[in-house]
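Contents: one structure, followed by commentary.
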Amino acid sequence: MPRDVTFLDAGIRSPALRALNVTGAAASRIGWTRPKLEAEGLLAAARRETGLEDFGDERFRAGLDALLESLEADAALTTFGRLVLKKMLTRFLAVRLSVINWNLDHADASREAITAPWVIAGLPRTGTTLLSHLLALDPRNRSLLGWEALDPVPPGEPTRPEIQ
């Protein structure tokens, strides 16, 4: 039988966090759940964050809608959990906007061939990170860097400030 997991299980003992979650739980009992995890609000927040509009192919919306539906139905989120997820999902959508925008600006990149990529997949704590690091030691290989996974859009060209 599964047991309820609370923020206290993570060792968080913040009175402010506890007050936020208790207040949020009381508000949700009368039908006022905040922050809302709705697709349109998240998409609008990502657009505001980036100043971009084009999310590309709309097929991603089915997955986003299914995720949001599951979060509401199954996750039993605290107010703090809702705040964190809203920020995370907005960031992921902002990255999507940035990737789509970069691809539109660099259409020639889609013609580059990536031959014989190595994809490492496995369960957590089974050595996949170690294997990735070992393969990256070979100068013929290139491993995905942590910051690239979080923000996959290549950085712009460095500029030099003019010296007066």
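Every chain in the structure tokens takes a letter, A first, then B, and so on in the order presented; its residues are numbered from 1, and the ligands are numbered from 1 following the presented order.
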
- Would you mind listing what lies within 12 Å of Leu52 (chain A) as a PyMOL selection string, with only C-alpha atoms counted and same-chain residues fewer than 5 positions away left out? chain A and resi 43-47+93-102

- Task: Give the answer as one residue: which of A:Trp147, A:Ile114, A:Ala26, A:Ile120 has the shortest atom-to-atom distance to Leu135 (chain A), using only C-alpha atoms?
- Result: A:Ile120

- Task: Could you pull out the residues in chain A that DSSP calls alpha helix (DSSP H) from the backbone, as number ranges by chain?
- Result: A: 15-29, 39-50, 60-74, 79-105, 128-136, 146-150
